[in-house]
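For reference, the structure is listed below as structure tokens.
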Amino acid sequence: MSTTPFHRQWAGTVILACVPSLVLAQGRRLEVDDLRLEIGVSSPVLSPDGSQAVVTTSTPNYEDNRFDRTLVLVDVGTGDERDLTPQRHDVREPRWSPTGDELAFTDSVKKSGKAENGESRQVFVLSMGGGEARQATEAHEGVRTFAWTADGTSILYTAPDASPKLEGEERHNKSFEVGDNSYLTLAAPMPVHLWSVPAEGGEAERLTEGVESIDGFVVSPDGRTVALEIVPLPHTGEGIRSTIRELDLESGKTRELVDEPAVTPLRFSPDGRTLAYGRSRGPEPGFNPNGVFLKSLDSAETIDATRRIDRSLRGMSWMADGRSILVSGTDLTAQAMWHQPLDGAPERLALGDIHAGTPAVADNGTIVFTGRESDRASELYSMSAGRWEPRRLTSFNDALAEMTLGRVETVVWDGPDGFEQNGVLVYPPGYEQQRRYPLVLSIHGGPMGASGEAFNTFNQIMAARGWLVFSPNYRGSSTQGKRFQSAVINDAGEGPGRDVMSGVQVLKERGIVDEARVAVSGWSYGGYMTAWLTAHYDGWAAAMAGAAVTDWFDWYNMADMNTWAGFGLDGSPWLNDNAMNYWRQSPMAYAHQIRTPTLILSNTGDERVTVSQSYKLYHALKDNGVEVEFVVFPVPGHFPADPVHRRDLRRRWVEWIARHFEPSAASE
């Protein structure tokens, strides 16, 4: 599945070392190995006075097979940059101190002790005046997330409890009770609790107890209270049942603020009297758009502040006056941003070709955010409140921008069932009218993901092979509001399949597609759609099903989010004769009909879409005499986290399609 909804991401040396082969890249087409050129840019935070921003950059390091992360200080006025953490490679979560003279962040630290191994994440504090960062926390199981207190004297953080140590013969007993957690769980999940430690370092104080677990928190502006996102148990499947509770730091007393499923982000208003939080606009989380809701701390009132924006919203920040908010989300094929007054109509900001991430706002009205353009990977942008005229501050991804890229276009058509459909088409560089080109479907996951015009490195790599690359937004996508997104409920494959095929037909009618060379591919729910489409429609030259959901029973019973699937499939498969409904919407029920040569890719340690589902698809195709190749990556996660396996995955994906396009090359 995609990051939606499953997923819940900061002294003037200019950094050129992060841009390998800059000169050599100019003017040529992208290749798979050019994945090494892309620099990730994320997590922007502004200094309190709005003059400086810090972003986290991520650069692939193939020699050590990791992504090297560093914190880069960017002057908002001049764009000058300085690397704050040149000797570290795994820094994350930058946080300015309230006075702006220090920056806290997390970094990985090797565990000490003879019985310990591995690494844990700890909080470090760096003086902006210079010197080495000091370690502030020593959480045994590592820090999950953290924040400064309002006066800057302490750091609050969450950390899991340590597993109890058994003595004597029982020390060999590893049994534990299973709950709503993934089938790869090897020990009882431990609850995550809130702690406080002096910013200078020292002994930590535990602030919460019990079996409940904290998924996130935010400190009130006056520093007296903390809003906690609470899940009833620490198991991975409990996230859909989170609520919000307020903790008084002085008395230790708590009270319920929101007793219905809520999701981050949590944000106090500048005056501390209102809490903003995210929530599904329907009883099926993820299958409905997320709105931003406001809870008054002085009354029982809760309002949907973004009710006039019928889109799924992820990022939000308060404006300094507390009378409006900035929100971001997907709008058709754009990553958009809206200015939403608390008592008025929203204004969709005109950002041009910039596709915006979550904004950070300073008291003086300065705003920064990461964004992408159709021909440029992630950079940092800035604008001023009221003027809303963004300008690019950084040039981390010049190497990719200077390549010969394919043109990106939004395609709109009248789809089935009364929906106006849209998708994104990337043309091959040097595209010529009157020619017919091979077509590759690159289908997003989710299903509530989205395909947009923002720069997509892999789609450009495929287009550089001389292919049209089409990414349709099928029903269930978070692109067109509640009716479109929730239409996938109890219609996991048939409706989305008709949507995709109607888009393919539109392209064929343009006369630009070599119909003998059409491939379908995708990861996660994109893999689900690949298996579904090859089982229900003919005419595919090749398919790549990556981390494909093929059996909803396996998802419900074994995945990390397990029972969440029931929101989209009429409840549990084990109640009310619902089992056949699950099977009817599982590609495995129709896998005997697949005749397309198929490459299957999966991680053995995938807790989101269990590798068992790929094994089933493999045996179904093999037993039916279909050409199939099944490759696994022996790593954890829903997608490989390291650059070497990511590159190998992309190379196999492209080469499989290219190999099956070759016999029809003469039809061009």
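Order determines the names: the first chain of the structure tokens is A, the second B, and so forth; residues in each chain are numbered 1 upward, and ligands are numbered 1 upward as they are shown.
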Assign secondary structure with DSSP using the backbone only, and return the residues of region 506-644 of chain A in alpha helix (DSSP H) as an mmCIF file with N, CA and C atoms, in the first residue's frame.
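Generated file (out-v3.cif):
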```cif
data_model
loop_
_atom_site.group_PDB
_atom_site.id
_atom_site.type_symbol
_atom_site.label_atom_id
_atom_site.label_comp_id
_atom_site.auth_asym_id
_atom_site.auth_seq_id
_atom_site.Cartn_x
_atom_site.Cartn_y
_atom_site.Cartn_z
ATOM 1 N N VAL A 506 -8.749 5.966 -23.922
ATOM 2 C CA VAL A 506 -8.619 7.358 -24.365
ATOM 3 C C VAL A 506 -7.278 7.569 -25.056
ATOM 4 N N LEU A 507 -6.211 7.024 -24.487
ATOM 5 C CA LEU A 507 -4.891 7.182 -25.100
ATOM 6 C C LEU A 507 -4.808 6.438 -26.432
ATOM 7 N N LYS A 508 -5.398 5.260 -26.494
ATOM 8 C CA LYS A 508 -5.381 4.513 -27.753
ATOM 9 C C LYS A 508 -6.121 5.285 -28.840
ATOM 10 N N GLU A 509 -7.218 5.935 -28.465
ATOM 11 C CA GLU A 509 -7.990 6.683 -29.452
ATOM 12 C C GLU A 509 -7.253 7.911 -29.957
ATOM 13 N N TYR A 525 -0.866 -1.359 -3.690
ATOM 14 C CA TYR A 525 -2.175 -1.427 -4.346
ATOM 15 C C TYR A 525 -2.005 -1.302 -5.854
ATOM 16 N N GLY A 526 -0.920 -0.668 -6.297
ATOM 17 C CA GLY A 526 -0.602 -0.697 -7.722
ATOM 18 C C GLY A 526 -0.313 -2.109 -8.193
ATOM 19 N N GLY A 527 0.294 -2.930 -7.316
ATOM 20 C CA GLY A 527 0.489 -4.341 -7.615
ATOM 21 C C GLY A 527 -0.826 -5.097 -7.619
ATOM 22 N N TYR A 528 -1.721 -4.751 -6.685
ATOM 23 C CA TYR A 528 -3.071 -5.322 -6.678
ATOM 24 C C TYR A 528 -3.757 -5.047 -8.011
ATOM 25 N N MET A 529 -3.714 -3.763 -8.451
ATOM 26 C CA MET A 529 -4.361 -3.406 -9.702
ATOM 27 C C MET A 529 -3.726 -4.131 -10.884
ATOM 28 N N THR A 530 -2.408 -4.338 -10.838
ATOM 29 C CA THR A 530 -1.731 -5.071 -11.904
ATOM 30 C C THR A 530 -2.260 -6.499 -11.998
ATOM 31 N N ALA A 531 -2.346 -7.188 -10.863
ATOM 32 C CA ALA A 531 -2.861 -8.559 -10.864
ATOM 33 C C ALA A 531 -4.326 -8.590 -11.287
ATOM 34 N N TRP A 532 -5.100 -7.624 -10.824
ATOM 35 C CA TRP A 532 -6.520 -7.577 -11.169
ATOM 36 C C TRP A 532 -6.702 -7.351 -12.671
ATOM 37 N N LEU A 533 -5.975 -6.402 -13.223
ATOM 38 C CA LEU A 533 -6.135 -6.048 -14.633
ATOM 39 C C LEU A 533 -5.683 -7.172 -15.557
ATOM 40 N N THR A 534 -4.583 -7.834 -15.217
ATOM 41 C CA THR A 534 -4.129 -8.933 -16.078
ATOM 42 C C THR A 534 -5.074 -10.131 -15.997
ATOM 43 N N ALA A 535 -5.796 -10.262 -14.896
ATOM 44 C CA ALA A 535 -6.756 -11.360 -14.759
ATOM 45 C C ALA A 535 -8.073 -11.066 -15.470
ATOM 46 N N HIS A 536 -8.385 -9.788 -15.686
ATOM 47 C CA HIS A 536 -9.693 -9.418 -16.227
ATOM 48 C C HIS A 536 -9.653 -8.833 -17.636
ATOM 49 N N TRP A 552 -7.088 -10.822 0.203
ATOM 50 C CA TRP A 552 -7.493 -9.958 1.315
ATOM 51 C C TRP A 552 -7.549 -10.703 2.645
ATOM 52 N N PHE A 553 -7.692 -12.021 2.619
ATOM 53 C CA PHE A 553 -7.652 -12.783 3.876
ATOM 54 C C PHE A 553 -6.286 -12.620 4.539
ATOM 55 N N ASP A 554 -5.213 -12.718 3.737
ATOM 56 C CA ASP A 554 -3.872 -12.577 4.301
ATOM 57 C C ASP A 554 -3.675 -11.185 4.882
ATOM 58 N N TRP A 555 -4.195 -10.174 4.190
ATOM 59 C CA TRP A 555 -4.059 -8.809 4.736
ATOM 60 C C TRP A 555 -4.750 -8.727 6.091
ATOM 61 N N TYR A 556 -6.036 -9.126 6.151
ATOM 62 C CA TYR A 556 -6.830 -8.973 7.372
ATOM 63 C C TYR A 556 -6.213 -9.726 8.544
ATOM 64 N N ASN A 557 -5.664 -10.888 8.305
ATOM 65 C CA ASN A 557 -5.182 -11.747 9.383
ATOM 66 C C ASN A 557 -3.720 -11.556 9.737
ATOM 67 N N MET A 558 -2.883 -11.038 8.796
ATOM 68 C CA MET A 558 -1.446 -11.108 8.997
ATOM 69 C C MET A 558 -0.707 -9.772 8.895
ATOM 70 N N ALA A 579 -17.006 -14.022 3.955
ATOM 71 C CA ALA A 579 -15.780 -14.604 3.391
ATOM 72 C C ALA A 579 -15.790 -14.572 1.866
ATOM 73 N N MET A 580 -16.910 -14.887 1.260
ATOM 74 C CA MET A 580 -16.969 -14.891 -0.199
ATOM 75 C C MET A 580 -16.796 -13.488 -0.765
ATOM 76 N N ASN A 581 -17.206 -12.480 -0.015
ATOM 77 C CA ASN A 581 -17.005 -11.095 -0.448
ATOM 78 C C ASN A 581 -15.520 -10.771 -0.522
ATOM 79 N N TYR A 582 -14.758 -11.224 0.471
ATOM 80 C CA TYR A 582 -13.299 -11.029 0.455
ATOM 81 C C TYR A 582 -12.674 -11.756 -0.739
ATOM 82 N N TRP A 583 -13.118 -12.999 -0.967
ATOM 83 C CA TRP A 583 -12.536 -13.778 -2.059
ATOM 84 C C TRP A 583 -12.911 -13.176 -3.413
ATOM 85 N N ARG A 584 -14.131 -12.676 -3.537
ATOM 86 C CA ARG A 584 -14.576 -12.074 -4.795
ATOM 87 C C ARG A 584 -13.721 -10.876 -5.178
ATOM 88 N N SER A 612 3.563 -13.686 1.573
ATOM 89 C CA SER A 612 2.756 -14.877 1.275
ATOM 90 C C SER A 612 1.867 -14.655 0.062
ATOM 91 N N GLN A 613 1.418 -13.414 -0.127
ATOM 92 C CA GLN A 613 0.515 -13.120 -1.238
ATOM 93 C C GLN A 613 1.237 -13.191 -2.582
ATOM 94 N N SER A 614 2.511 -12.832 -2.587
ATOM 95 C CA SER A 614 3.302 -12.960 -3.805
ATOM 96 C C SER A 614 3.592 -14.428 -4.119
ATOM 97 N N TYR A 615 3.831 -15.231 -3.078
ATOM 98 C CA TYR A 615 4.051 -16.659 -3.296
ATOM 99 C C TYR A 615 2.817 -17.301 -3.930
ATOM 100 N N LYS A 616 1.649 -16.898 -3.492
ATOM 101 C CA LYS A 616 0.417 -17.461 -4.058
ATOM 102 C C LYS A 616 0.292 -17.112 -5.530
ATOM 103 N N LEU A 617 0.543 -15.840 -5.866
ATOM 104 C CA LEU A 617 0.452 -15.427 -7.262
ATOM 105 C C LEU A 617 1.476 -16.183 -8.106
ATOM 106 N N TYR A 618 2.683 -16.333 -7.578
ATOM 107 C CA TYR A 618 3.736 -17.049 -8.307
ATOM 108 C C TYR A 618 3.306 -18.471 -8.649
ATOM 109 N N HIS A 619 2.808 -19.207 -7.668
ATOM 110 C CA HIS A 619 2.431 -20.600 -7.925
ATOM 111 C C HIS A 619 1.224 -20.688 -8.853
ATOM 112 N N ALA A 620 0.292 -19.743 -8.756
ATOM 113 C CA ALA A 620 -0.863 -19.764 -9.656
ATOM 114 C C ALA A 620 -0.421 -19.588 -11.105
ATOM 115 N N LEU A 621 0.494 -18.666 -11.352
ATOM 116 C CA LEU A 621 0.958 -18.441 -12.712
ATOM 117 C C LEU A 621 1.819 -19.609 -13.201
ATOM 118 N N LYS A 622 2.729 -20.057 -12.362
ATOM 119 C CA LYS A 622 3.614 -21.162 -12.748
ATOM 120 C C LYS A 622 2.811 -22.423 -13.057
ATOM 121 N N ASP A 623 1.831 -22.735 -12.212
ATOM 122 C CA ASP A 623 1.037 -23.942 -12.409
ATOM 123 C C ASP A 623 0.189 -23.867 -13.672
ATOM 124 N N PRO A 643 19.584 2.005 -0.779
ATOM 125 C CA PRO A 643 19.695 2.385 -2.192
ATOM 126 C C PRO A 643 20.048 1.231 -3.122
ATOM 127 N N VAL A 644 20.844 0.257 -2.677
ATOM 128 C CA VAL A 644 21.260 -0.823 -3.569
ATOM 129 C C VAL A 644 20.065 -1.681 -3.982
#
```
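Of the listed residues (A:Pro640, A:Gly546, A:Gly202, A:Gly223), A:Gly202 comes nearest to Thr137 (chain A); the distances count only C-alpha atoms.
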Residues at most 12 Å from Arg647 (chain A), counting only C-alpha atoms, excluding those fewer than 5 positions away in the same chain, as an mmCIF file with C-alpha atoms, in the first residue's frame?
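Written output follows (result27.cif):
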```cif
data_model
loop_
_atom_site.group_PDB
_atom_site.id
_atom_site.type_symbol
_atom_site.label_atom_id
_atom_site.label_comp_id
_atom_site.auth_asym_id
_atom_site.auth_seq_id
_atom_site.Cartn_x
_atom_site.Cartn_y
_atom_site.Cartn_z
ATOM 1 C CA GLU A 31 18.901 5.852 -16.729
ATOM 2 C CA VAL A 32 18.228 3.612 -13.734
ATOM 3 C CA ASP A 33 21.678 4.339 -12.305
ATOM 4 C CA ASP A 34 20.751 8.035 -12.199
ATOM 5 C CA LEU A 35 18.727 7.274 -9.082
ATOM 6 C CA ARG A 36 22.013 8.174 -7.369
ATOM 7 C CA LEU A 37 21.542 11.781 -8.470
ATOM 8 C CA PRO A 60 22.216 7.679 -1.631
ATOM 9 C CA ASN A 61 25.508 6.120 -0.549
ATOM 10 C CA TYR A 62 25.913 2.917 -2.571
ATOM 11 C CA ASN A 65 24.353 0.931 1.150
ATOM 12 C CA THR A 457 12.179 10.099 -11.153
ATOM 13 C CA PHE A 458 11.206 6.542 -12.006
ATOM 14 C CA ILE A 461 13.468 6.883 -16.323
ATOM 15 C CA PHE A 633 14.546 -8.817 -1.343
ATOM 16 C CA PHE A 639 9.673 -1.045 0.073
ATOM 17 C CA PRO A 640 13.450 -1.507 0.311
ATOM 18 C CA ALA A 641 14.936 1.196 2.532
ATOM 19 C CA ASP A 642 18.466 0.953 1.129
ATOM 20 C CA ARG A 652 14.507 -5.443 -12.846
ATOM 21 C CA TRP A 653 11.195 -3.622 -13.331
ATOM 22 C CA VAL A 654 12.429 -1.725 -16.408
#
```
When you look at region 317-324 of chain A with a cut-off of 10 Å (counting only C-alpha atoms), what residues show up, excluding the ones that are within fewer than 3 positions of it in the same chain? I need them as a PyMOL selection string.
chain A and resi 265-274+276+305+327-328+339-344+346+358-367+385
From CA of Gly418 (chain A) to CA of Ala543 (chain A) the spacing works out at 28.8 Å
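Proximity to Thr394 (chain A) was assessed for A:Leu30, A:Ala53, A:Ile214, A:Leu184 counting only C-alpha atoms; the smallest distance is recorded for A:Ala53.
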With a distance cut-off of 8 Å and only C-alpha atoms, select the neighbouring residues of region 148-154 of chain A, excluding the residue or stretch itself and same-chain residues fewer than 2 positions from it, and output the selection as a ChimeraX atom specification.
/A:95,97-99,146,156,196-200,219-223
Residues near region 282-286 of chain A, cut-off 12 Å, only C-alpha atoms, skip fewer than 5 positions along chain, as a PyMOL selection string:
chain A and resi 1-8+239-242+260-263+291+312-314+446-449+476-478+481-483+485-490+561+563-571
Go ahead and write the selection's residues with C-alpha atoms as a PDB file, in the first residue's frame.
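After the write, part27.pdb holds the following:
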```pdb
ATOM      1  CA  MET A   1       0.000   0.000   0.000  1.00  0.00           C
ATOM      2  CA  SER A   2       1.079   3.577  -0.307  1.00  0.00           C
ATOM      3  CA  THR A   3       1.968   6.023   2.333  1.00  0.00           C
ATOM      4  CA  THR A   4      -1.641   6.979   2.539  1.00  0.00           C
ATOM      5  CA  PRO A   5      -3.198   6.328   4.996  1.00  0.00           C
ATOM      6  CA  PHE A   6      -0.516   4.179   6.505  1.00  0.00           C
ATOM      7  CA  HIS A   7       1.952   6.153   6.870  1.00  0.00           C
ATOM      8  CA  ARG A   8       1.993   8.932   9.505  1.00  0.00           C
ATOM      9  CA  GLY A 239      -3.657   2.932  15.157  1.00  0.00           C
ATOM     10  CA  ILE A 240      -7.153   3.173  13.680  1.00  0.00           C
ATOM     11  CA  ARG A 241      -8.512   3.544  17.228  1.00  0.00           C
ATOM     12  CA  SER A 242      -6.454   6.534  18.381  1.00  0.00           C
ATOM     13  CA  GLU A 260     -13.201   9.429  18.262  1.00  0.00           C
ATOM     14  CA  PRO A 261     -10.490   8.135  15.934  1.00  0.00           C
ATOM     15  CA  ALA A 262      -8.079  10.989  15.231  1.00  0.00           C
ATOM     16  CA  VAL A 263      -4.823  11.251  13.354  1.00  0.00           C
ATOM     17  CA  GLY A 291     -10.230  16.971   7.221  1.00  0.00           C
ATOM     18  CA  SER A 312      -7.944  14.813   1.630  1.00  0.00           C
ATOM     19  CA  LEU A 313      -5.664  17.069   3.679  1.00  0.00           C
ATOM     20  CA  ARG A 314      -2.410  15.970   5.311  1.00  0.00           C
ATOM     21  CA  GLY A 446      -3.058   3.204  -1.532  1.00  0.00           C
ATOM     22  CA  PRO A 447      -5.657   2.859  -2.960  1.00  0.00           C
ATOM     23  CA  MET A 448      -5.927   6.395  -1.627  1.00  0.00           C
ATOM     24  CA  GLY A 449      -2.597   7.472  -3.078  1.00  0.00           C
ATOM     25  CA  GLY A 476     -10.305   5.476  -4.243  1.00  0.00           C
ATOM     26  CA  SER A 477      -7.557   8.005  -5.031  1.00  0.00           C
ATOM     27  CA  SER A 478      -7.336  11.031  -2.725  1.00  0.00           C
ATOM     28  CA  GLY A 481     -13.051  14.393  -2.761  1.00  0.00           C
ATOM     29  CA  LYS A 482     -15.296  12.184  -0.710  1.00  0.00           C
ATOM     30  CA  ARG A 483     -17.545  10.673  -3.388  1.00  0.00           C
ATOM     31  CA  GLN A 485     -12.393   8.348  -2.660  1.00  0.00           C
ATOM     32  CA  SER A 486     -15.100   6.372  -0.858  1.00  0.00           C
ATOM     33  CA  ALA A 487     -16.335   4.758  -4.095  1.00  0.00           C
ATOM     34  CA  VAL A 488     -13.696   2.048  -3.616  1.00  0.00           C
ATOM     35  CA  ILE A 489     -15.451   0.776  -0.478  1.00  0.00           C
ATOM     36  CA  ASN A 490     -16.568  -2.791  -1.236  1.00  0.00           C
ATOM     37  CA  MET A 561      -2.738  -2.886   9.851  1.00  0.00           C
ATOM     38  CA  THR A 563      -8.351  -5.372  10.537  1.00  0.00           C
ATOM     39  CA  TRP A 564      -8.217  -1.982   8.787  1.00  0.00           C
ATOM     40  CA  ALA A 565      -9.063  -3.874   5.582  1.00  0.00           C
ATOM     41  CA  GLY A 566     -12.524  -4.509   7.018  1.00  0.00           C
ATOM     42  CA  PHE A 567     -13.454  -0.844   6.578  1.00  0.00           C
ATOM     43  CA  GLY A 568     -13.236  -1.354   2.823  1.00  0.00           C
ATOM     44  CA  LEU A 569     -14.664  -4.871   2.611  1.00  0.00           C
ATOM     45  CA  ASP A 570     -17.903  -4.800   4.629  1.00  0.00           C
ATOM     46  CA  GLY A 571     -16.320  -5.837   7.916  1.00  0.00           C
TER      47      GLY A 571
END
```
Nearest residue to Leu599 (chain A) from the set A:Ala356, A:Val41, A:Ala187, A:Val628 (distances using only C-alpha atoms):
A:Val628
Per DSSP on the backbone, what are the strand (DSSP E) residues of region 295-542 of chain A, as number ranges by chain?
A: 295-296, 302-304, 313-318, 324-331, 334-341, 347-348, 355-356, 360-361, 366-373, 376-384, 391-392, 408-414, 420-426, 437-443, 468-473, 513-523, 542
What is the distance between CA of Trp574 (chain A) and CA of Glu607 (chain A), in Å to one decimal?
21.5 Å
Would you mind telling me which residue in A:Met544, A:Leu439, A:Ala162, A:Leu247 lies nearest to Gln505 (chain A) when using only C-alpha atoms?
A:Leu439
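Using only C-alpha atoms, the shortest contact distance between Pro472 (chain A) and any of A:Val500, A:Ile600, A:Val520, A:Ala188 is found at A:Val500.
Proximity ranking of A:Asn624, A:Asn576, A:Glu38, A:Tyr157 relative to Phe455 (chain A) places A:Glu38 first, based on only C-alpha atoms.
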